[in-house]
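Everything on this sheet refers to the single structure shown next.
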Amino acid sequence: MSGGHRLGRRFGWLWGAYGTSALGTWLAFGALPLIAVQVLHAGPAEVAALSAAGAAVGAAVAVPLGPWVEFRRKRPVLIGMDLVRCAALLTVPVAFALGVLTFVQLLLVSVVVAAADITFRAASGAYLKTLLPAEDLLVANARFESTAWTTTIIGPPLGGAAIGLLGPVATVVADAVSYLLSALGIRAMGGPEPRPERREAARLRAGDLLDGWRYVLADATLRPLLFNAALFNGLVMAAGPLLTVLMLGRLGFAPWQYGLAFAVPSIGGLLGSRLARPLVTRFGQREVLVGAGALRALWPVGLAFLGPGTGGLLLVMGIEFGLILCCGVFNPVCATYRLERTPTDRVARTLSAWAVTTKASTALLTAVWGVLGAVLGPRTAIGLAGVLLLATPLLLPRRAAGDDSEREREREPEPGPEPAPNRA
């Protein structure tokens with residue numbers, strides 16, 4: 001256990017399940033687009049649609065699943081979403097073996113996996129809040145963050161080697177198996193789970209679909225954090241494909257150099273996740289949240305000055321290291337703050353709304369920056385994204401968590417019918 005702080009056997013199973021599925025995801029990173037290109041001979045437009053449309057439609061499909069998850073026991077939902085992802089991914093090798101694989105199937109698999117990802121994250125966050133006391137949430141989220149960056153470092157190189165030896169379909173099988181193992185690990189946790197406020201048979205109300213957004217937008221600190229996350233994540237991800245074109249095309253970096261440029265800096269995520277708790281202990285939660293959130297926005301603009309050769313490679317590695325280090329601190333603190341700020345009976349809806357918003361904004365901004373890259377050139381478009389990122393700290397919360405009266409809403413009963421005599 002990190003730092004010797006024990007969180008119990010049940011959290012250990014949850015953490016192990018998360019690490020297993022995260023490793024499978026990174027082993028298969030880019031596998032579906034690669035299958036589209038190598039097996040189905042898809043063009044650039046189809047590959048772009050597979051990435052952007054799959055995420056956007058998956059986010060839309062996940063909208064009603066947030067409130068649905070809220071009023072159900074979370075552990076069965078986690079197991080179910082793992083099995084859904086496993087089954088969806090296994091259709092790809094089966095169809096490939098039978099010679100009936102199509103682009104439409106890949107698109108549908110992408111949508112199903114994206115929707116299940118959002119639902120799993122919402123349920124896991126809600127489950128974590130009931131599993132651990134409030135004082136342990138930051139430790140838990142830091143461990144998840146550390147695991148995410150660890151799998152980011154080791155997954156793509158192993159996946160690339162597997163693709164070279166066995167083809168991209170093999171990594172899809174590995175990803176599917178990782179979800180099956182995750183489901184088995186969550187099932188092995190055992191133990192009781194609090195019954196949701198409304199019984200499982202309760203009918204989903206139309207108003208439930210927007211409750212997550214209503215709660216976030218009414219909260220003076222969660223609201224700017226959501227806007228910050230949507231804009232920051234969207235701009236960083238939107239510049240990614242353009243950076244790929246710039247490095248592998250005009251600047252002439254070899255594929256291994258490109259992979260190295262993003263694998264090595266992920267060590268910053270490990271370091272940042274380990275620093276998160278000590279920094280919060282010393283400086284306070286809000287100060288670290290705002291400070292790390294502001295510092296992470298300073299780095300990406302430097303990518304506009306990227307040049308060829310060893311100097312360019314060291315520059316991109318240094319920029320990515322600084323960015324990922326700050327994100328490694330910010331992410332677990334933000335995730336903990338969000339859980340602490342949200343009442344238990346609203347966590348699933350809030351996290352679902354949050355994930356849907358960030359995924360939709362990322363899909364939109366990626367499409368916009370694709371057009372800008374074609375019109376202005378990749379370097380100019382990357383620089384524009386970096387300049388806009390410099391403004392994102394203005395969206396960070398300006399007051400401490402306990403300074404407003406909105407916490408009083410946590411004590412108010414949720415509107416709706418009286419209950420009958422019930423997280424990525």
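Residue names in the structure tokens use chain letters A, B, ... in the order shown, residue numbers from 1 in each chain, and ligand numbers from 1 in the order shown.
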Open item on the list: Just want the 8 Å neighbourhood of Ala116 in chain A, counted on only C-alpha atoms, with same-chain residues fewer than 2 positions away dropped. Output as number ranges by chain.
Closed with: A: 62, 81-82, 84-85, 112-114, 118-120
Task: DSSP helix (DSSP H, G or I) residues within range 292-408 of chain A, as an MDAnalysis selection string - done: chainID A and resid 292:298 300:305 309:341 344:376 378:389 392:395 405:408
Open item on the list: For Pro265 in chain A, find every residue with an atom within 12 Å (counting only C-alpha atoms), except residues of its own chain fewer than 5 positions away, and show them as number ranges by chain.
Closed with: A: 149-150, 152-153, 258-260, 270-272, 313-328
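Minimum distance to Thr350 in chain A across A:Tyr215, A:Tyr127, A:Trp13, A:Phe71 (counting only C-alpha atoms) occurs at A:Tyr215.
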Could the residues of range 180-292 of chain A that have an atom at most 12 Å from range 157-174 of chain A be listed as a tab-separated table, each with its closest atom pair and the distance in Å to one decimal, counting only C-alpha atoms and ordered by chain and ascending residue number?
residue	atom	partner	partner_atom	distance
A:Leu180	CA	A:Ala174	CA	9.9
A:Leu181	CA	A:Ala174	CA	10.5
A:Pro255	CA	A:Gly160	CA	11.0
A:Trp256	CA	A:Pro157	CA	9.6
A:Tyr258	CA	A:Pro157	CA	11.7
A:Gly259	CA	A:Pro157	CA	8.1
A:Leu260	CA	A:Pro157	CA	9.4
A:Phe262	CA	A:Pro157	CA	11.1
A:Ala263	CA	A:Pro157	CA	8.6
A:Val264	CA	A:Pro157	CA	11.3
Using only N, CA and C atoms, please write the residues we just selected to a file, as a tab-separated table (two decimals), in the first residue's frame.
chain	number	residue	atom	x	y	z
A	180	LEU	N	-13.34	-8.49	-17.82
A	180	LEU	CA	-13.87	-9.68	-17.16
A	180	LEU	C	-13.18	-9.89	-15.82
A	181	LEU	N	-11.85	-9.74	-15.78
A	181	LEU	CA	-11.12	-9.87	-14.52
A	181	LEU	C	-11.52	-8.78	-13.53
A	255	PRO	N	8.55	7.10	-35.13
A	255	PRO	CA	7.49	6.65	-34.23
A	255	PRO	C	7.98	6.34	-32.82
A	256	TRP	N	9.20	5.73	-32.70
A	256	TRP	CA	9.69	5.42	-31.35
A	256	TRP	C	9.98	6.68	-30.56
A	258	TYR	N	8.35	9.53	-30.96
A	258	TYR	CA	7.02	10.04	-30.61
A	258	TYR	C	6.48	9.32	-29.37
A	259	GLY	N	6.61	7.98	-29.35
A	259	GLY	CA	6.14	7.24	-28.19
A	259	GLY	C	6.92	7.59	-26.94
A	260	LEU	N	8.23	7.74	-27.08
A	260	LEU	CA	9.07	8.10	-25.94
A	260	LEU	C	8.71	9.47	-25.39
A	262	PHE	N	5.96	10.83	-24.98
A	262	PHE	CA	4.77	10.86	-24.13
A	262	PHE	C	4.78	9.78	-23.05
A	263	ALA	N	5.61	8.75	-23.22
A	263	ALA	CA	5.68	7.70	-22.19
A	263	ALA	C	6.51	8.15	-21.00
A	264	VAL	N	7.70	8.69	-21.26
A	264	VAL	CA	8.58	9.10	-20.16
A	264	VAL	C	7.97	10.19	-19.29
Open item on the list: Under the rule that only C-alpha atoms are counted, which of A:Ala28, A:Ala49, A:Leu98, A:Ala56 is the nearest residue to Lys359 in chain A?
Closed with: A:Ala56
With only C-alpha atoms counted and 12 Å as the cut-off, give the residues of range 149-230 of chain A in contact with range 330-339 of chain A, each with its shortest interatomic distance in Å and the pair that gives it, as JSON lines.
{"residue": "A:Trp149", "atom": "CA", "partner": "A:Asn331", "partner_atom": "CA", "distance": 11.5}
{"residue": "A:Tyr215", "atom": "CA", "partner": "A:Arg338", "partner_atom": "CA", "distance": 11.6}
{"residue": "A:Val216", "atom": "CA", "partner": "A:Arg338", "partner_atom": "CA", "distance": 9.6}
{"residue": "A:Asp219", "atom": "CA", "partner": "A:Arg338", "partner_atom": "CA", "distance": 10.9}
{"residue": "A:Thr221", "atom": "CA", "partner": "A:Arg338", "partner_atom": "CA", "distance": 9.4}
{"residue": "A:Leu222", "atom": "CA", "partner": "A:Arg338", "partner_atom": "CA", "distance": 7.1}
{"residue": "A:Arg223", "atom": "CA", "partner": "A:Arg338", "partner_atom": "CA", "distance": 10.7}
{"residue": "A:Pro224", "atom": "CA", "partner": "A:Arg338", "partner_atom": "CA", "distance": 11.9}
{"residue": "A:Leu225", "atom": "CA", "partner": "A:Cys334", "partner_atom": "CA", "distance": 8.4}
{"residue": "A:Leu226", "atom": "CA", "partner": "A:Arg338", "partner_atom": "CA", "distance": 10.0}
{"residue": "A:Asn228", "atom": "CA", "partner": "A:Cys334", "partner_atom": "CA", "distance": 11.2}
{"residue": "A:Ala229", "atom": "CA", "partner": "A:Cys334", "partner_atom": "CA", "distance": 9.9}
Written selection (N, CA, C and O atoms) as an mmCIF file, in the first residue's frame:
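Once everything was written out, this is selection_36.cif:
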data_model
loop_
_atom_site.group_PDB
_atom_site.id
_atom_site.type_symbol
_atom_site.label_atom_id
_atom_site.label_comp_id
_atom_site.auth_asym_id
_atom_site.auth_seq_id
_atom_site.Cartn_x
_atom_site.Cartn_y
_atom_site.Cartn_z
ATOM 1 N N TRP A 149 -1.463 6.506 -14.288
ATOM 2 C CA TRP A 149 -0.235 6.918 -14.973
ATOM 3 C C TRP A 149 0.727 5.753 -15.138
ATOM 4 O O TRP A 149 1.468 5.688 -16.136
ATOM 5 N N TYR A 215 -27.476 20.375 -9.996
ATOM 6 C CA TYR A 215 -26.729 20.474 -8.747
ATOM 7 C C TYR A 215 -25.388 21.161 -8.958
ATOM 8 O O TYR A 215 -25.001 22.052 -8.192
ATOM 9 N N VAL A 216 -24.652 20.752 -10.004
ATOM 10 C CA VAL A 216 -23.337 21.343 -10.259
ATOM 11 C C VAL A 216 -23.458 22.827 -10.572
ATOM 12 O O VAL A 216 -22.708 23.664 -10.033
ATOM 13 N N ASP A 219 -23.992 25.155 -7.626
ATOM 14 C CA ASP A 219 -22.952 25.192 -6.599
ATOM 15 C C ASP A 219 -21.853 26.158 -7.034
ATOM 16 O O ASP A 219 -21.274 26.030 -8.115
ATOM 17 N N THR A 221 -18.809 26.555 -6.298
ATOM 18 C CA THR A 221 -17.451 26.062 -6.523
ATOM 19 C C THR A 221 -17.395 24.916 -7.527
ATOM 20 O O THR A 221 -16.443 24.815 -8.306
ATOM 21 N N LEU A 222 -18.400 24.047 -7.544
ATOM 22 C CA LEU A 222 -18.411 22.977 -8.538
ATOM 23 C C LEU A 222 -18.652 23.522 -9.945
ATOM 24 O O LEU A 222 -18.117 22.994 -10.922
ATOM 25 N N ARG A 223 -19.463 24.564 -10.063
ATOM 26 C CA ARG A 223 -19.773 25.122 -11.384
ATOM 27 C C ARG A 223 -18.510 25.578 -12.129
ATOM 28 O O ARG A 223 -18.273 25.144 -13.263
ATOM 29 N N PRO A 224 -17.667 26.440 -11.537
ATOM 30 C CA PRO A 224 -16.456 26.830 -12.268
ATOM 31 C C PRO A 224 -15.495 25.663 -12.490
ATOM 32 O O PRO A 224 -14.797 25.617 -13.507
ATOM 33 N N LEU A 225 -15.468 24.705 -11.560
ATOM 34 C CA LEU A 225 -14.604 23.539 -11.762
ATOM 35 C C LEU A 225 -15.036 22.730 -12.982
ATOM 36 O O LEU A 225 -14.194 22.238 -13.741
ATOM 37 N N LEU A 226 -16.357 22.587 -13.190
ATOM 38 C CA LEU A 226 -16.846 21.866 -14.368
ATOM 39 C C LEU A 226 -16.460 22.602 -15.643
ATOM 40 O O LEU A 226 -15.982 21.990 -16.604
ATOM 41 N N ASN A 228 -14.023 24.657 -16.033
ATOM 42 C CA ASN A 228 -12.575 24.553 -16.171
ATOM 43 C C ASN A 228 -12.183 23.202 -16.747
ATOM 44 O O ASN A 228 -11.358 23.110 -17.667
ATOM 45 N N ALA A 229 -12.778 22.130 -16.219
ATOM 46 C CA ALA A 229 -12.450 20.784 -16.684
ATOM 47 C C ALA A 229 -12.840 20.598 -18.145
ATOM 48 O O ALA A 229 -12.082 20.025 -18.936
#
Task: Nearby residues (only C-alpha atoms) at most 9 Å from Leu107 in chain A, same-chain spacing under 5 positions excluded, as a VMD selection string - done: chain A and resid 32 49 to 51 53 to 54 102 112
TODO: Within 7 Å of range 14-25 of chain A, counting only C-alpha atoms, which residues show up once you throw out same-chain ones fewer than 6 positions away? Write them as a list in words, please.
DONE: Phe144, Thr147, Ala148, Thr151, Gly155, Ala174, Asp175, Ser178, Tyr179, Ser182, Gly185 and Ile186 of chain A
Go ahead and write the selection's residues with C-alpha atoms as a compact mmCIF listing (two decimals), in the first residue's frame.
# COMPACT_ATOMS: atom_id res chain seq x y z
CA PHE A 144 -6.18 5.56 -8.63
CA THR A 147 -2.26 3.55 -11.17
CA ALA A 148 -3.63 5.41 -14.19
CA THR A 151 -0.60 1.83 -16.87
CA GLY A 155 0.52 -0.28 -21.50
CA ALA A 174 -6.72 -8.54 -23.94
CA ASP A 175 -8.83 -5.46 -23.17
CA SER A 178 -9.24 -7.20 -18.43
CA TYR A 179 -12.87 -6.12 -17.98
CA SER A 182 -12.22 -6.50 -13.17
CA GLY A 185 -12.45 -8.68 -8.63
CA ILE A 186 -15.36 -6.38 -7.78
Task: Minimum-distance residue to Ala391 in chain A, chosen among A:Leu137, A:Leu231, A:Val368, A:Leu279 (using only C-alpha atoms) - done: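 The answer is A:Leu231, which sits nearest to Ala391 in chain A.
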TODO: Have a look at CA of Arg341 in chain A and CA of Val329 in chain A and let me know their distance in Å, one decimal.
DONE: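 One can read the CA of Arg341 in chain A to CA of Val329 in chain A distance as 18.6 Å.
Minimum atom-to-atom distance to Gly370 in chain A, evaluated using only C-alpha atoms, belongs to A:Ala238 out of A:Ala97, A:Leu83, A:Ala238, A:Leu389.
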Open item on the list: What does the structure give for the distance between CA of Ala294 in chain A and CA of Leu394 in chain A, in Å to one decimal?
Closed with: 8.4 Å
- [ ] Point out the residue among A:Pro33, A:Pro378, A:Gly190, A:Pro393 with the least atom-to-atom distance to Gly293 in chain A, counting only C-alpha atoms.
- [x]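 Checking each candidate against Gly293 in chain A, we get A:Pro393 as the closest.
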